[in-house]
Structure formats: structure tokens, C-alpha cells
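Asker: This is input.pdb, which holds PDB, C-alpha atoms and all ligand atoms:
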ATOM      1  CA  MET A   1      22.296  68.302  -9.064  1.00  0.00           C
ATOM      2  CA  ARG A   2      18.639  68.515 -10.135  1.00  0.00           C
ATOM      3  CA  ASP A   3      18.883  72.040 -11.530  1.00  0.00           C
ATOM      4  CA  MET A   4      21.972  71.019 -13.522  1.00  0.00           C
ATOM      5  CA  LEU A   5      20.065  68.321 -15.401  1.00  0.00           C
ATOM      6  CA  LYS A   6      18.100  70.782 -17.531  1.00  0.00           C
ATOM      7  CA  TRP A   7      19.963  71.387 -20.758  1.00  0.00           C
ATOM      8  CA  ARG A   8      21.783  74.715 -20.884  1.00  0.00           C
ATOM      9  CA  ASP A   9      23.544  76.282 -23.864  1.00  0.00           C
ATOM     10  CA  GLU A  10      26.786  76.357 -21.890  1.00  0.00           C
ATOM     11  CA  TYR A  11      26.841  72.529 -22.028  1.00  0.00           C
ATOM     12  CA  ALA A  12      27.210  72.641 -25.818  1.00  0.00           C
ATOM     13  CA  VAL A  13      30.631  71.713 -27.159  1.00  0.00           C
ATOM     14  CA  GLY A  14      29.873  73.143 -30.612  1.00  0.00           C
ATOM     15  CA  LEU A  15      29.416  69.972 -32.664  1.00  0.00           C
ATOM     16  CA  PRO A  16      25.680  69.807 -33.448  1.00  0.00           C
ATOM     17  CA  GLU A  17      25.518  66.012 -33.695  1.00  0.00           C
ATOM     18  CA  ILE A  18      27.343  65.468 -30.388  1.00  0.00           C
ATOM     19  CA  ASP A  19      25.379  68.175 -28.600  1.00  0.00           C
ATOM     20  CA  ALA A  20      22.126  66.503 -29.692  1.00  0.00           C
ATOM     21  CA  GLN A  21      23.338  63.207 -28.207  1.00  0.00           C
ATOM     22  CA  HIS A  22      24.436  64.847 -24.957  1.00  0.00           C
ATOM     23  CA  ARG A  23      21.061  66.526 -24.757  1.00  0.00           C
ATOM     24  CA  TYR A  24      19.214  63.232 -25.076  1.00  0.00           C
ATOM     25  CA  PHE A  25      21.512  61.600 -22.511  1.00  0.00           C
ATOM     26  CA  LEU A  26      20.815  64.424 -20.069  1.00  0.00           C
ATOM     27  CA  SER A  27      17.058  64.043 -20.651  1.00  0.00           C
ATOM     28  CA  LEU A  28      17.387  60.393 -19.549  1.00  0.00           C
ATOM     29  CA  LEU A  29      19.064  61.510 -16.316  1.00  0.00           C
ATOM     30  CA  GLU A  30      16.320  64.062 -15.776  1.00  0.00           C
ATOM     31  CA  GLU A  31      13.704  61.357 -16.232  1.00  0.00           C
ATOM     32  CA  LEU A  32      15.558  59.082 -13.849  1.00  0.00           C
ATOM     33  CA  ASP A  33      15.734  61.878 -11.302  1.00  0.00           C
ATOM     34  CA  THR A  34      11.925  61.968 -11.089  1.00  0.00           C
ATOM     35  CA  LEU A  35      12.259  58.532  -9.440  1.00  0.00           C
ATOM     36  CA  SER A  36      14.931  59.642  -6.982  1.00  0.00           C
ATOM     37  CA  GLU A  37      13.167  58.070  -3.981  1.00  0.00           C
ATOM     38  CA  ALA A  38      12.696  54.710  -5.708  1.00  0.00           C
ATOM     39  CA  VAL A  39      15.283  51.964  -5.360  1.00  0.00           C
ATOM     40  CA  VAL A  40      17.618  51.275  -8.293  1.00  0.00           C
ATOM     41  CA  SER A  41      15.976  47.883  -8.819  1.00  0.00           C
ATOM     42  CA  ASP A  42      12.571  49.558  -9.441  1.00  0.00           C
ATOM     43  CA  ARG A  43      11.176  48.364 -12.804  1.00  0.00           C
ATOM     44  CA  VAL A  44      10.886  51.804 -14.439  1.00  0.00           C
ATOM     45  CA  ALA A  45      14.299  52.838 -13.111  1.00  0.00           C
ATOM     46  CA  ARG A  46      15.785  49.672 -14.600  1.00  0.00           C
ATOM     47  CA  GLN A  47      14.229  50.445 -17.980  1.00  0.00           C
ATOM     48  CA  ILE A  48      15.690  53.947 -18.001  1.00  0.00           C
ATOM     49  CA  LEU A  49      19.070  52.637 -16.849  1.00  0.00           C
ATOM     50  CA  ARG A  50      19.116  50.107 -19.667  1.00  0.00           C
ATOM     51  CA  GLU A  51      18.602  52.982 -22.084  1.00  0.00           C
ATOM     52  CA  VAL A  52      21.335  55.030 -20.327  1.00  0.00           C
ATOM     53  CA  ASP A  53      23.694  52.114 -20.781  1.00  0.00           C
ATOM     54  CA  ARG A  54      22.815  51.496 -24.431  1.00  0.00           C
ATOM     55  CA  TYR A  55      22.919  55.176 -25.262  1.00  0.00           C
ATOM     56  CA  ALA A  56      26.301  55.685 -23.582  1.00  0.00           C
ATOM     57  CA  TYR A  57      27.650  52.839 -25.715  1.00  0.00           C
ATOM     58  CA  TYR A  58      26.158  54.321 -28.898  1.00  0.00           C
ATOM     59  CA  HIS A  59      27.408  57.800 -28.015  1.00  0.00           C
ATOM     60  CA  PHE A  60      30.984  56.683 -27.394  1.00  0.00           C
ATOM     61  CA  ASN A  61      30.926  54.799 -30.659  1.00  0.00           C
ATOM     62  CA  SER A  62      29.788  57.930 -32.478  1.00  0.00           C
ATOM     63  CA  GLU A  63      32.640  59.892 -30.965  1.00  0.00           C
ATOM     64  CA  GLU A  64      35.145  57.201 -31.867  1.00  0.00           C
ATOM     65  CA  VAL A  65      33.956  57.208 -35.495  1.00  0.00           C
ATOM     66  CA  LEU A  66      34.388  60.990 -35.601  1.00  0.00           C
ATOM     67  CA  MET A  67      37.880  60.642 -34.091  1.00  0.00           C
ATOM     68  CA  GLY A  68      38.774  58.085 -36.736  1.00  0.00           C
ATOM     69  CA  ILE A  69      37.592  59.996 -39.776  1.00  0.00           C
ATOM     70  CA  TYR A  70      39.150  63.273 -38.626  1.00  0.00           C
ATOM     71  CA  ARG A  71      42.335  61.540 -37.458  1.00  0.00           C
ATOM     72  CA  TYR A  72      42.152  62.746 -33.886  1.00  0.00           C
ATOM     73  CA  PRO A  73      45.621  62.091 -32.452  1.00  0.00           C
ATOM     74  CA  ASP A  74      44.419  60.959 -29.026  1.00  0.00           C
ATOM     75  CA  VAL A  75      42.021  58.338 -30.366  1.00  0.00           C
ATOM     76  CA  GLU A  76      43.546  55.304 -28.634  1.00  0.00           C
ATOM     77  CA  ASN A  77      43.570  56.940 -25.187  1.00  0.00           C
ATOM     78  CA  GLN A  78      40.034  58.109 -25.686  1.00  0.00           C
ATOM     79  CA  LYS A  79      38.851  54.641 -26.667  1.00  0.00           C
ATOM     80  CA  ARG A  80      40.451  53.232 -23.537  1.00  0.00           C
ATOM     81  CA  ASP A  81      38.813  55.932 -21.413  1.00  0.00           C
ATOM     82  CA  HIS A  82      35.438  55.212 -23.004  1.00  0.00           C
ATOM     83  CA  PHE A  83      35.824  51.515 -22.312  1.00  0.00           C
ATOM     84  CA  ASN A  84      36.786  52.198 -18.688  1.00  0.00           C
ATOM     85  CA  LEU A  85      33.896  54.609 -18.211  1.00  0.00           C
ATOM     86  CA  LEU A  86      31.414  52.016 -19.451  1.00  0.00           C
ATOM     87  CA  GLN A  87      32.871  49.442 -17.054  1.00  0.00           C
ATOM     88  CA  VAL A  88      32.589  51.868 -14.129  1.00  0.00           C
ATOM     89  CA  LEU A  89      29.034  52.731 -15.120  1.00  0.00           C
ATOM     90  CA  ASP A  90      27.971  49.087 -15.278  1.00  0.00           C
ATOM     91  CA  LYS A  91      29.616  48.266 -11.972  1.00  0.00           C
ATOM     92  CA  LYS A  92      28.064  51.235 -10.207  1.00  0.00           C
ATOM     93  CA  ILE A  93      24.576  50.422 -11.470  1.00  0.00           C
ATOM     94  CA  CYS A  94      25.028  46.785 -10.454  1.00  0.00           C
ATOM     95  CA  ASP A  95      26.384  47.683  -6.965  1.00  0.00           C
ATOM     96  CA  PHE A  96      23.580  50.148  -6.286  1.00  0.00           C
ATOM     97  CA  ARG A  97      20.988  47.623  -7.392  1.00  0.00           C
ATOM     98  CA  HIS A  98      22.331  44.973  -5.050  1.00  0.00           C
ATOM     99  CA  GLN A  99      22.717  47.342  -2.127  1.00  0.00           C
ATOM    100  CA  GLY A 100      19.102  48.493  -2.476  1.00  0.00           C
ATOM    101  CA  THR A 101      20.272  52.097  -2.925  1.00  0.00           C
ATOM    102  CA  THR A 102      17.722  54.707  -4.018  1.00  0.00           C
ATOM    103  CA  VAL A 103      17.977  56.313  -7.447  1.00  0.00           C
ATOM    104  CA  GLY A 104      19.022  59.735  -6.084  1.00  0.00           C
ATOM    105  CA  PRO A 105      22.703  58.884  -5.382  1.00  0.00           C
ATOM    106  CA  LEU A 106      22.953  57.096  -8.729  1.00  0.00           C
ATOM    107  CA  VAL A 107      21.706  60.193 -10.563  1.00  0.00           C
ATOM    108  CA  GLU A 108      24.359  62.192  -8.671  1.00  0.00           C
ATOM    109  CA  PHE A 109      27.002  59.765  -9.861  1.00  0.00           C
ATOM    110  CA  LEU A 110      25.755  59.739 -13.461  1.00  0.00           C
ATOM    111  CA  GLY A 111      25.546  63.536 -13.535  1.00  0.00           C
ATOM    112  CA  ARG A 112      29.145  63.947 -12.354  1.00  0.00           C
ATOM    113  CA  TRP A 113      30.232  61.253 -14.802  1.00  0.00           C
ATOM    114  CA  PHE A 114      28.452  63.025 -17.661  1.00  0.00           C
ATOM    115  CA  PHE A 115      29.806  66.506 -16.947  1.00  0.00           C
ATOM    116  CA  SER A 116      33.365  65.326 -16.492  1.00  0.00           C
ATOM    117  CA  HIS A 117      33.074  63.457 -19.809  1.00  0.00           C
ATOM    118  CA  ILE A 118      31.956  66.660 -21.561  1.00  0.00           C
ATOM    119  CA  ASN A 119      34.480  68.949 -19.924  1.00  0.00           C
ATOM    120  CA  GLU A 120      37.520  66.713 -19.815  1.00  0.00           C
ATOM    121  CA  ASP A 121      37.186  64.909 -23.141  1.00  0.00           C
ATOM    122  CA  ASP A 122      34.635  66.317 -25.521  1.00  0.00           C
ATOM    123  CA  ARG A 123      35.543  69.986 -25.460  1.00  0.00           C
ATOM    124  CA  GLU A 124      39.000  69.215 -26.738  1.00  0.00           C
ATOM    125  CA  LEU A 125      37.676  66.812 -29.379  1.00  0.00           C
ATOM    126  CA  ALA A 126      35.156  69.431 -30.500  1.00  0.00           C
ATOM    127  CA  ARG A 127      37.845  72.100 -30.857  1.00  0.00           C
ATOM    128  CA  PHE A 128      39.871  69.738 -33.010  1.00  0.00           C
ATOM    129  CA  ILE A 129      36.990  68.782 -35.303  1.00  0.00           C
ATOM    130  CA  ILE A 130      35.645  72.329 -35.619  1.00  0.00           C
ATOM    131  CA  ARG A 131      39.109  73.402 -36.751  1.00  0.00           C
ATOM    132  CA  ALA A 132      39.354  70.507 -39.212  1.00  0.00           C
ATOM    133  CA  ARG A 133      35.937  71.353 -40.628  1.00  0.00           C
ATOM    134  CA  SER A 134      36.775  75.011 -41.011  1.00  0.00           C
ATOM    135  CA  GLU A 135      39.982  74.127 -42.851  1.00  0.00           C
ATOM    136  CA  ARG A 136      38.278  71.407 -44.914  1.00  0.00           C
ATOM    137  CA  ARG A 137      41.161  69.062 -44.346  1.00  0.00           C
ATOM    138  CA  GLY A 138      42.017  65.851 -42.631  1.00  0.00           C
ATOM    139  CA  VAL A 139      38.951  63.933 -43.742  1.00  0.00           C
ATOM    140  CA  ASN A 140      39.834  60.290 -44.112  1.00  0.00           C
ATOM    141  CA  VAL A 141      36.675  58.415 -44.957  1.00  0.00           C
ATOM    142  CA  PRO A 142      37.476  54.738 -45.463  1.00  0.00           C
TER     143      PRO A 142
HETATM  144 FE    FE A 201      30.337  62.860 -25.387  1.00  0.00          FE
END
Translate the structure of the given file into C-alpha cells.
Answerer:
Amino acid sequence: MRDMLKWRDEYAVGLPEIDAQHRYFLSLLEELDTLSEAVVSDRVARQILREVDRYAYYHFNSEEVLMGIYRYPDVENQKRDHFNLLQVLDKKICDFRHQGTTVGPLVEFLGRWFFSHINEDDRELARFIIRARSERRGVNVP
């Protein structure tokens, strides 16, 4: 997993603002990975995890705003998926903290979570928005 946490161009979905957010999120996981032997309840690990949590929330909100203004058809499903992902993330962090698990397995989990989010959700969203931008249509700013 460790070598996957360095940003690579192939991770880009093609929307500059979303790629910048993904890049920052990945940098948090990389930072967390430096503490892989520490337990999840370690003070520094907890600080990074709080930022992971807040940033995931912010990031999903950003994507939902984009979906709304470009009228992405799958917006309701995506919002539900985002909500579920945040719940799973919180539960996993909480479980690992209580079980005294080290950070390593949590980074594994977060990495898989992050890459499946990019590949299963964001690539399709990006294709849709890139097309809308190139056609200069579909913008519905409230
Ligand atoms: Fe994303």
C-alpha cells in the first residue's frame, strides 16, 4: 500500500479542483502511514484522523455541489453512497481505536476506500462534467 500513497498522474480524474482535493487527501494518508506502528489512539494519529474525517466531509460536499450545478443524473445515489462511506469511515476509526489496533491496518483500509471512491464514483462524474464543460451547457447555478 505504501508505494500507492504517493500521488501519481494516473490517479487524476481530469477535474483540476477534484484532483487537488484527492491529492491532499492522499497526502494525509501518507502522513498517517509514517505512524504505522503506533496505535490508532496515539495523539498525533488522532489529529491526522480528525483531519481525514473533516476533509472527507468537505470533499464529498464539493462533489455534491458540482453534481447539483451540472445536473448529474445520479446525484441522489451518490449522496447516499457518500453518507454511507462517512458512516463506515467513522465506525472503522472508532473500532480500531477501541481495539488498540495499530495505524498500519487503518491506512490499508483508508487507501482501499479512497481508491474505490475514485475509480467507482469519481471517474464517471468527471467524464460527465468534462463533457458538460466542453459543450458549455447544463449549468444550473441557483
Ligand atoms: Fe472524490
Asker: Sort by chain and increasing residue number a table of all residues of segment 33-84 of chain A within 9 Å of segment 110-128 of chain A, each with its closest pair of atoms and their distance in Å to one decimal, counting all atoms listed in the file, and write it as a tab-separated table.
Answerer:
residue	atom	partner	partner_atom	distance
A:Glu63	CA	A:Asp122	CA	8.7
A:Met67	CA	A:Leu125	CA	7.8
A:Tyr70	CA	A:Phe128	CA	8.6
A:Tyr72	CA	A:Phe128	CA	7.4
A:Asp74	CA	A:Leu125	CA	8.9
A:Gln78	CA	A:Asp121	CA	7.8
Asker: A:Ile69, A:Leu5, A:Leu49, A:Leu85: which is nearest His22 of chain A, counting all atoms listed in the file?
Answerer: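 Closest candidate: A:Leu5.
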Asker: Pick out the closest residue to ligand FE 201 (chain A) from this set: A:Val40, A:Leu32, A:Asn61, A:Arg8. Count only C-alpha atoms and all ligand atoms.
Answerer: A:Asn61
Asker: Quick one: residues within 10 Å of Glu30 of chain A, only C-alpha atoms counted, chain neighbours fewer than 6 positions away excluded, as an MDAnalysis selection string?
Answerer: chainID A and resid 1:7 24 36 107 111
Asker: With distances taken over only C-alpha atoms, which of A:Asp53, A:Arg131, A:Ile48, A:Arg43 is nearest to Glu31 of chain A?
Answerer: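 Among A:Asp53, A:Arg131, A:Ile48, A:Arg43, it is A:Ile48 that comes nearest to Glu31 of chain A.
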Asker: Once the PyMOL selection byres (((chain A and resi 57) around 12) and not hetatm) has been applied to the shown file, what residues remain in the selection, as an NGL selection string?
Answerer: :A and (21 or 25 or 50-56 or 58-64 or 79 or 82-87 or 89-90)
Asker: What is the distance, in Å and to one decimal place, between atom CA of Leu66 of chain A and atom CA of Asp19 of chain A?
Answerer: 13.5 Å
Asker: Would you mind reading off the distance between atom CA of Asp33 of chain A and atom CA of Val103 of chain A, one decimal, in Å?
Answerer: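 Straight-line distance from atom CA of Asp33 of chain A to atom CA of Val103 of chain A works out to 7.1 Å.
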Asker: If you measure from atom CA of Arg46 of chain A to atom CA of Thr101 of chain A, what distance in Å do you get, rounded to one decimal?
Answerer: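 Separation of atom CA of Arg46 of chain A and atom CA of Thr101 of chain A: 12.7 Å.
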Asker: Rank A:Ala12, A:Val88, A:Ala38, A:Ile18 by their smallest atom-to-atom distance to ligand FE 201 (chain A), using all atoms listed in the file, and report the top residue only.
Answerer: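 Going through A:Ala12, A:Val88, A:Ala38, A:Ile18 one by one, the smallest distance to ligand FE 201 (chain A) is for A:Ile18.
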Asker: So, with all atoms listed in the file as the atoms that count, which of A:Glu10, A:Ser41, A:Glu17, A:Ile93 lies closest to ligand FE 201 (chain A)?
Answerer: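 Smallest distance to ligand FE 201 (chain A) is found for A:Glu17.
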